[in-house]
$ cat start31.pdb   # PDB, C-alpha atoms
ATOM      1  CA  MET C   1     105.730   3.731  66.141
ATOM      2  CA  THR C   2     107.331   1.592  63.499
ATOM      3  CA  VAL C   3     110.938   2.381  62.825
ATOM      4  CA  THR C   4     111.804   2.163  59.162
ATOM      5  CA  GLN C   5     114.999   2.968  57.350
ATOM      6  CA  HIS C   6     113.652   6.485  56.843
ATOM      7  CA  ASP C   7     113.348   7.084  60.583
ATOM      8  CA  LEU C   8     117.003   6.373  61.091
ATOM      9  CA  ALA C   9     119.494   9.158  60.766
ATOM     10  CA  VAL C  10     121.983   6.745  59.239
ATOM     11  CA  PRO C  11     122.061   7.152  55.484
ATOM     12  CA  ASN C  12     121.625   3.873  53.664
ATOM     13  CA  THR C  13     124.871   4.124  51.766
ATOM     14  CA  ARG C  14     126.530   0.870  52.682
ATOM     15  CA  SER C  15     126.296  -0.721  49.291
ATOM     16  CA  PRO C  16     128.089  -0.696  46.969
ATOM     17  CA  SER C  17     131.130   0.674  48.732
ATOM     18  CA  ARG C  18     133.685   2.061  46.340
ATOM     19  CA  GLY C  19     136.624   2.149  48.683
ATOM     20  CA  GLY C  20     137.599   0.859  52.051
ATOM     21  CA  ARG C  21     136.178   3.957  53.698
ATOM     22  CA  ASN C  22     132.627   5.184  53.624
ATOM     23  CA  PHE C  23     132.616   8.979  53.540
ATOM     24  CA  GLU C  24     128.955   9.326  54.512
ATOM     25  CA  LYS C  25     129.470   7.148  57.559
ATOM     26  CA  THR C  26     132.513   9.173  58.590
ATOM     27  CA  SER C  27     130.433  12.317  58.076
ATOM     28  CA  TRP C  28     127.607  10.891  60.206
ATOM     29  CA  ILE C  29     130.004  10.095  63.049
ATOM     30  CA  PHE C  30     131.700  13.472  62.724
ATOM     31  CA  MET C  31     128.364  15.324  63.082
ATOM     32  CA  ARG C  32     127.677  13.594  66.391
ATOM     33  CA  ALA C  33     131.210  13.806  67.789
ATOM     34  CA  SER C  34     131.710  17.460  66.828
ATOM     35  CA  GLY C  35     128.166  18.237  67.984
ATOM     36  CA  LEU C  36     128.925  16.948  71.467
ATOM     37  CA  VAL C  37     132.032  19.136  71.757
ATOM     38  CA  LEU C  38     130.242  22.139  70.247
ATOM     39  CA  VAL C  39     127.363  21.930  72.750
ATOM     40  CA  LEU C  40     129.853  22.686  75.497
ATOM     41  CA  LEU C  41     132.075  25.175  73.665
ATOM     42  CA  VAL C  42     129.364  27.163  71.845
ATOM     43  CA  LEU C  43     126.913  27.357  74.746
ATOM     44  CA  GLY C  44     129.852  28.410  76.937
ATOM     45  CA  HIS C  45     130.774  31.070  74.385
ATOM     46  CA  LEU C  46     127.203  32.401  74.226
ATOM     47  CA  LEU C  47     126.882  32.381  78.014
ATOM     48  CA  ILE C  48     130.063  34.412  78.470
ATOM     49  CA  MET C  49     129.628  36.776  75.526
ATOM     50  CA  ASN C  50     125.860  37.364  75.549
ATOM     51  CA  VAL C  51     124.418  36.580  78.974
ATOM     52  CA  LEU C  52     126.831  37.069  81.866
ATOM     53  CA  ASP C  53     128.049  40.360  83.290
ATOM     54  CA  GLY C  54     126.246  42.723  80.887
ATOM     55  CA  GLY C  55     126.529  40.446  77.865
ATOM     56  CA  VAL C  56     127.189  42.038  74.497
ATOM     57  CA  GLN C  57     127.088  45.567  75.966
ATOM     58  CA  ARG C  58     130.568  45.151  77.473
ATOM     59  CA  ILE C  59     132.249  43.795  74.345
ATOM     60  CA  ASN C  60     134.764  45.964  72.493
ATOM     61  CA  PHE C  61     138.327  45.755  71.154
ATOM     62  CA  ALA C  62     139.829  45.894  74.648
ATOM     63  CA  PHE C  63     137.598  43.001  75.757
ATOM     64  CA  VAL C  64     138.779  40.868  72.835
ATOM     65  CA  ALA C  65     142.398  41.821  73.553
ATOM     66  CA  GLY C  66     141.971  40.711  77.156
ATOM     67  CA  ARG C  67     140.479  37.366  76.160
ATOM     68  CA  TRP C  68     142.981  36.551  73.440
ATOM     69  CA  SER C  69     145.906  37.318  75.729
ATOM     70  CA  SER C  70     145.114  33.872  77.094
ATOM     71  CA  PRO C  71     146.060  30.804  75.017
ATOM     72  CA  PHE C  72     143.119  29.009  76.637
ATOM     73  CA  TRP C  73     140.536  31.289  75.001
ATOM     74  CA  GLN C  74     142.503  31.372  71.745
ATOM     75  CA  LEU C  75     142.349  27.590  71.610
ATOM     76  CA  TRP C  76     138.664  27.644  72.634
ATOM     77  CA  ASP C  77     137.761  30.046  69.818
ATOM     78  CA  LEU C  78     139.961  28.239  67.284
ATOM     79  CA  THR C  79     138.312  24.919  68.129
ATOM     80  CA  VAL C  80     134.819  26.425  67.830
ATOM     81  CA  LEU C  81     135.759  28.060  64.523
ATOM     82  CA  TRP C  82     136.965  24.839  62.930
ATOM     83  CA  LEU C  83     134.413  22.446  64.401
ATOM     84  CA  ALA C  84     131.400  24.737  63.881
ATOM     85  CA  MET C  85     132.395  25.607  60.313
ATOM     86  CA  LEU C  86     132.993  21.958  59.380
ATOM     87  CA  HIS C  87     129.825  20.829  61.195
ATOM     88  CA  GLY C  88     127.720  23.542  59.558
ATOM     89  CA  THR C  89     129.260  23.099  56.117
ATOM     90  CA  ASN C  90     128.718  19.366  56.238
ATOM     91  CA  GLY C  91     125.133  19.897  57.398
ATOM     92  CA  LEU C  92     124.391  22.245  54.517
ATOM     93  CA  ARG C  93     126.136  19.834  52.105
ATOM     94  CA  VAL C  94     123.641  17.150  53.169
ATOM     95  CA  ILE C  95     120.729  19.590  52.738
ATOM     96  CA  ILE C  96     121.956  20.577  49.255
ATOM     97  CA  ASN C  97     122.230  16.902  48.324
ATOM     98  CA  ASP C  98     118.647  16.415  49.515
ATOM     99  CA  TYR C  99     117.038  19.270  47.646
ATOM    100  CA  ALA C 100     119.150  20.123  44.580
ATOM    101  CA  ARG C 101     117.604  18.149  41.745
ATOM    102  CA  SER C 102     120.130  18.434  38.958
ATOM    103  CA  GLY C 103     123.791  17.507  39.137
ATOM    104  CA  LYS C 104     124.680  20.950  37.863
ATOM    105  CA  THR C 105     122.780  22.767  40.623
ATOM    106  CA  ARG C 106     124.335  20.468  43.183
ATOM    107  CA  PHE C 107     127.822  21.116  41.832
ATOM    108  CA  TRP C 108     127.492  24.896  41.925
ATOM    109  CA  LEU C 109     125.756  25.143  45.288
ATOM    110  CA  ARG C 110     128.380  22.932  46.882
ATOM    111  CA  GLY C 111     131.111  24.902  45.146
ATOM    112  CA  VAL C 112     129.834  28.185  46.602
ATOM    113  CA  LEU C 113     129.425  26.549  50.022
ATOM    114  CA  TYR C 114     132.931  25.065  50.120
ATOM    115  CA  THR C 115     134.504  28.295  48.881
ATOM    116  CA  ALA C 116     132.714  30.438  51.472
ATOM    117  CA  SER C 117     133.528  28.014  54.277
ATOM    118  CA  ALA C 118     137.186  27.565  53.343
ATOM    119  CA  ALA C 119     137.664  31.334  53.091
ATOM    120  CA  THR C 120     135.957  31.845  56.471
ATOM    121  CA  ILE C 121     138.022  29.162  58.222
ATOM    122  CA  ILE C 122     141.277  30.562  56.812
ATOM    123  CA  LEU C 123     140.344  34.158  57.666
ATOM    124  CA  GLY C 124     139.249  33.268  61.197
ATOM    125  CA  THR C 125     142.384  31.218  61.853
ATOM    126  CA  LEU C 126     144.629  34.039  60.635
ATOM    127  CA  VAL C 127     142.762  36.556  62.803
ATOM    128  CA  ILE C 128     143.222  34.468  65.949
ATOM    129  CA  PHE C 129     146.930  33.808  65.300
ATOM    130  CA  THR C 130     147.909  37.279  64.085
ATOM    131  CA  PHE C 131     145.844  39.320  66.553
ATOM    132  CA  ASP C 132     147.756  42.418  67.688
ATOM    133  CA  PRO C 133     146.459  44.041  70.903
ATOM    134  CA  ASN C 134     148.580  47.133  70.248
ATOM    135  CA  LEU C 135     147.147  47.780  66.802
ATOM    136  CA  ALA C 136     146.765  51.539  66.449
TER     137      ALA C 136
ATOM    138  CA  MET K   1      97.077   6.281  50.569
ATOM    139  CA  ALA K   2      96.729   8.971  47.921
ATOM    140  CA  SER K   3      99.190  11.688  48.683
ATOM    141  CA  VAL K   4      98.938  15.239  47.464
ATOM    142  CA  GLY K   5     102.142  16.999  46.506
ATOM    143  CA  THR K   6     105.341  16.031  48.221
ATOM    144  CA  LEU K   7     104.512  16.980  51.808
ATOM    145  CA  TYR K   8     105.373  14.190  54.187
ATOM    146  CA  ARG K   9     102.763  14.116  56.908
ATOM    147  CA  GLY K  10     104.795  13.023  59.867
ATOM    148  CA  ASP K  11     103.978  13.714  63.476
ATOM    149  CA  ILE K  12     105.475  16.330  65.782
ATOM    150  CA  SER K  13     108.877  14.632  65.616
ATOM    151  CA  MET K  14     109.090  15.483  61.921
ATOM    152  CA  TRP K  15     108.993  19.139  62.850
ATOM    153  CA  SER K  16     111.958  18.698  65.188
ATOM    154  CA  TRP K  17     113.851  17.431  62.139
ATOM    155  CA  VAL K  18     112.703  20.452  60.102
ATOM    156  CA  ALA K  19     113.611  22.815  62.943
ATOM    157  CA  GLN K  20     117.053  21.186  63.273
ATOM    158  CA  ARG K  21     117.749  21.967  59.606
ATOM    159  CA  ILE K  22     116.399  25.520  59.715
ATOM    160  CA  THR K  23     118.260  26.447  62.912
ATOM    161  CA  GLY K  24     121.429  24.795  61.588
ATOM    162  CA  VAL K  25     121.423  26.774  58.347
ATOM    163  CA  ALA K  26     120.574  30.015  60.165
ATOM    164  CA  VAL K  27     123.434  29.537  62.625
ATOM    165  CA  LEU K  28     125.895  28.695  59.817
ATOM    166  CA  PHE K  29     124.981  31.895  57.953
ATOM    167  CA  PHE K  30     125.444  33.904  61.134
ATOM    168  CA  LEU K  31     128.820  32.238  61.608
ATOM    169  CA  TYR K  32     130.058  33.617  58.270
ATOM    170  CA  VAL K  33     128.977  37.116  59.352
ATOM    171  CA  HIS K  34     130.453  36.680  62.816
ATOM    172  CA  VAL K  35     133.911  35.657  61.577
ATOM    173  CA  LEU K  36     133.868  38.661  59.220
ATOM    174  CA  ASP K  37     132.900  41.138  61.952
ATOM    175  CA  THR K  38     135.488  39.693  64.326
ATOM    176  CA  ALA K  39     138.113  39.952  61.562
ATOM    177  CA  LEU K  40     137.808  43.747  61.922
ATOM    178  CA  VAL K  41     140.050  43.466  65.005
ATOM    179  CA  ARG K  42     142.841  43.170  62.406
ATOM    180  CA  VAL K  43     141.751  46.411  60.709
ATOM    181  CA  SER K  44     141.535  48.768  63.665
ATOM    182  CA  PRO K  45     140.053  48.934  67.168
ATOM    183  CA  ALA K  46     137.669  51.653  65.956
ATOM    184  CA  ALA K  47     136.415  49.536  63.043
ATOM    185  CA  TYR K  48     135.726  46.638  65.400
ATOM    186  CA  ASP K  49     134.051  48.822  68.035
ATOM    187  CA  ASP K  50     131.863  50.351  65.322
ATOM    188  CA  VAL K  51     130.493  47.034  64.111
ATOM    189  CA  ILE K  52     130.069  45.731  67.667
ATOM    190  CA  ALA K  53     128.066  48.882  68.443
ATOM    191  CA  SER K  54     125.448  47.621  65.991
ATOM    192  CA  TYR K  55     125.205  44.391  68.013
ATOM    193  CA  LYS K  56     124.244  46.523  71.019
ATOM    194  CA  THR K  57     121.279  48.234  69.347
ATOM    195  CA  PRO K  58     117.791  47.084  70.447
ATOM    196  CA  LEU K  59     116.851  45.481  67.118
ATOM    197  CA  VAL K  60     120.032  43.428  66.768
ATOM    198  CA  ASN K  61     119.937  42.643  70.485
ATOM    199  CA  PHE K  62     116.524  40.978  70.049
ATOM    200  CA  MET K  63     117.893  39.106  67.022
ATOM    201  CA  GLU K  64     120.680  37.817  69.291
ATOM    202  CA  VAL K  65     118.023  36.320  71.548
ATOM    203  CA  GLY K  66     116.711  34.548  68.447
ATOM    204  CA  LEU K  67     120.208  33.355  67.628
ATOM    205  CA  VAL K  68     120.771  32.005  71.138
ATOM    206  CA  GLY K  69     117.356  30.333  70.978
ATOM    207  CA  ALA K  70     118.239  28.727  67.644
ATOM    208  CA  VAL K  71     121.638  27.500  68.866
ATOM    209  CA  LEU K  72     120.143  26.190  72.108
ATOM    210  CA  PHE K  73     117.386  24.284  70.315
ATOM    211  CA  HIS K  74     119.896  22.863  67.816
ATOM    212  CA  ALA K  75     122.179  21.770  70.667
ATOM    213  CA  LEU K  76     119.433  20.177  72.790
ATOM    214  CA  ASN K  77     117.756  18.472  69.843
ATOM    215  CA  GLY K  78     121.174  17.318  68.627
ATOM    216  CA  LEU K  79     121.725  15.616  71.989
ATOM    217  CA  ARG K  80     118.292  14.000  71.565
ATOM    218  CA  VAL K  81     119.260  12.747  68.102
ATOM    219  CA  ILE K  82     122.433  11.224  69.575
ATOM    220  CA  ALA K  83     120.328   9.544  72.257
ATOM    221  CA  VAL K  84     117.953   8.170  69.605
ATOM    222  CA  ASP K  85     120.923   6.814  67.648
ATOM    223  CA  PHE K  86     122.994   5.327  70.450
ATOM    224  CA  TRP K  87     120.655   4.646  73.391
ATOM    225  CA  GLY K  88     118.866   1.313  73.177
ATOM    226  CA  LYS K  89     115.509   2.806  74.194
ATOM    227  CA  GLY K  90     116.118   6.040  72.260
ATOM    228  CA  THR K  91     113.493   5.510  69.570
ATOM    229  CA  ARG K  92     110.898   4.437  72.130
ATOM    230  CA  TYR K  93     111.337   7.597  74.172
ATOM    231  CA  GLN K  94     112.099  10.020  71.354
ATOM    232  CA  LYS K  95     108.830  11.930  71.778
ATOM    233  CA  GLN K  96     109.207  12.240  75.547
ATOM    234  CA  MET K  97     112.755  13.448  74.941
ATOM    235  CA  LEU K  98     111.414  16.032  72.485
ATOM    236  CA  TRP K  99     109.048  17.478  75.077
ATOM    237  CA  THR K 100     111.841  17.357  77.646
ATOM    238  CA  ILE K 101     114.195  19.414  75.507
ATOM    239  CA  VAL K 102     111.391  21.890  74.703
ATOM    240  CA  ALA K 103     110.837  22.315  78.449
ATOM    241  CA  VAL K 104     114.568  22.702  79.107
ATOM    242  CA  TRP K 105     114.755  25.205  76.249
ATOM    243  CA  VAL K 106     112.014  27.340  77.835
ATOM    244  CA  LEU K 107     113.588  27.070  81.300
ATOM    245  CA  ILE K 108     116.935  28.330  79.960
ATOM    246  CA  MET K 109     115.559  30.918  77.533
ATOM    247  CA  VAL K 110     113.508  32.778  80.152
ATOM    248  CA  PRO K 111     116.450  33.872  82.327
ATOM    249  CA  ALA K 112     118.779  34.120  79.285
ATOM    250  CA  THR K 113     116.379  36.524  77.561
ATOM    251  CA  TYR K 114     116.079  38.559  80.752
ATOM    252  CA  PHE K 115     119.840  39.027  81.148
ATOM    253  CA  MET K 116     120.475  39.509  77.424
ATOM    254  CA  THR K 117     117.881  42.269  77.006
ATOM    255  CA  LEU K 118     118.245  43.978  80.394
ATOM    256  CA  HIS K 119     120.152  46.906  78.939
ATOM    257  CA  THR K 120     117.883  47.217  75.900
ATOM    258  CA  ILE K 121     114.699  47.171  77.996
ATOM    259  CA  GLN K 122     116.130  49.846  80.280
ATOM    260  CA  ALA K 123     117.207  51.943  77.301
ATOM    261  CA  LEU K 124     113.815  51.647  75.622
ATOM    262  CA  PHE K 125     111.399  51.888  78.532
ATOM    263  CA  GLY K 126     113.244  52.699  81.709
ATOM    264  CA  SER K 127     114.821  55.753  83.212
ATOM    265  CA  THR K 128     118.563  55.910  83.575
ATOM    266  CA  PRO K 129     119.672  53.599  86.374
TER     267      PRO K 129
END

$ encode --input "start31.pdb" --output "structure tokens"
Amino acid sequence: MTVTQHDLAVPNTRSPSRGGRNFEKTSWIFMRASGLVLVLLVLGHLLIMNVLDGGVQRINFAFVAGRWSSPFWQLWDLTVLWLAMLHGTNGLRVIINDYARSGKTRFWLRGVLYTASAATIILGTLVIFTFDPNLA
Amino acid sequence: MASVGTLYRGDISMWSWVAQRITGVAVLFFLYVHVLDTALVRVSPAAYDDVIASYKTPLVNFMEVGLVGAVLFHALNGLRVIAVDFWGKGTRYQKQMLWTIVAVWVLIMVPATYFMTLHTIQALFGSTP
């Protein structure tokens, strides 16, 4: 197999660099670094929530209250929320850039994506930090 | 070579790239839904328990197996992509690594599917335990 530029996952965006930093390179590194962490955290989450000890059948408000009484699981879920949302949003940004043909389409699709993701990250963060186990 | 349309005729590895994109987008869309349903813990315990009850129905339960399968493939193939990028012999062994992760995927999905759908299978076909 001949490896060409197209076979490489690295985008060929090195020239001409507009600033000192290359955003696409940072994005490429972020996808791999966050991916490594997410493999552990997300598969762990799925194993606990969906597979072990009855899986989803045992989940209810009391179960969530029990988990989030521990800062360890709060931090776990917060980390997954942020990393998965940023990883997924960046992935879809790349896909939009690949397939949207006009600048206008690109602009609007990315606008919807960033809005939905920002709202979801903010909502999720607030939920984890303001959770009240004694909510009536 | 005269090409028809815009379909790139790559080999099996191209489909791992396609599958990585499809599973990634699917998981992201689920993530939006999942943060919203979890946010109901701030509304009331009953509201949260109601929405989680839908996750326990047979149809959604089988969709969860699909979700876990999608996440697991994305994770394993992502590790393969990292190996291709950073391991010196990564490109040479990329196809062997693809078949390896497919095998690992099957080996994990068989018991995972069993435990995930145990309750549903009993509810649909079995007598009360």

$ residues_near_point --input "start31.pdb" --point "(132.1, 27.9, 76.4)" --cutoff "12 Å" --atoms "all atoms listed in the file" --output "MDAnalysis selection string"
chainID C and resid 37:52 72:77 79:80

$ closest_atom_pairs --input "start31.pdb" --of "chain C" --to "chain K" --cutoff "7 Å" --atoms "only C-alpha atoms" --output "tab-separated table"
residue	atom	partner	partner_atom	distance
C:Arg32	CA	K:Ile82	CA	6.6
C:Val39	CA	K:Ala75	CA	5.6
C:Asn50	CA	K:Met116	CA	6.1
C:Val51	CA	K:Met116	CA	5.2
C:Gly55	CA	K:Met116	CA	6.1
C:Val56	CA	K:Lys56	CA	6.4
C:Gln57	CA	K:Lys56	CA	5.8
C:Asn60	CA	K:Asp49	CA	5.3
C:Phe61	CA	K:Pro45	CA	5.4
C:Gly88	CA	K:Leu28	CA	5.5
C:Leu92	CA	K:Val25	CA	6.6
C:Thr120	CA	K:Tyr32	CA	6.4
C:Gly124	CA	K:Val35	CA	5.9
C:Val127	CA	K:Ala39	CA	5.9
C:Phe131	CA	K:Arg42	CA	6.4
C:Leu135	CA	K:Ser44	CA	6.5
C:Ala136	CA	K:Ser44	CA	6.5

$ residues_around --input "start31.pdb" --residues "segment 115-117 of chain C" --least-positions-apart "5" --cutoff "9 Å" --atoms "all atoms listed in the file" --output "VMD selection string"
(chain C and resid 85 to 86 89 110 122) or (chain K and resid 32)

$ residues_around --input "start31.pdb" --residues "Val112 of chain C" --least-positions-apart "6" --cutoff "12 Å" --atoms "all atoms listed in the file" --output "ChimeraX atom specification"
/C:89,92-93,96,105-106,118-119

$ residues_near_point --input "start31.pdb" --point "(141.5, 44.6, 73.7)" --cutoff "9 Å" --atoms "all atoms listed in the file" --output "list in words"
Asn60, Phe61, Ala62, Phe63, Val64, Ala65, Gly66, Arg67, Trp68, Ser69, Asp132, Pro133 and Asn134 of chain C; Val41 and Pro45 of chain K
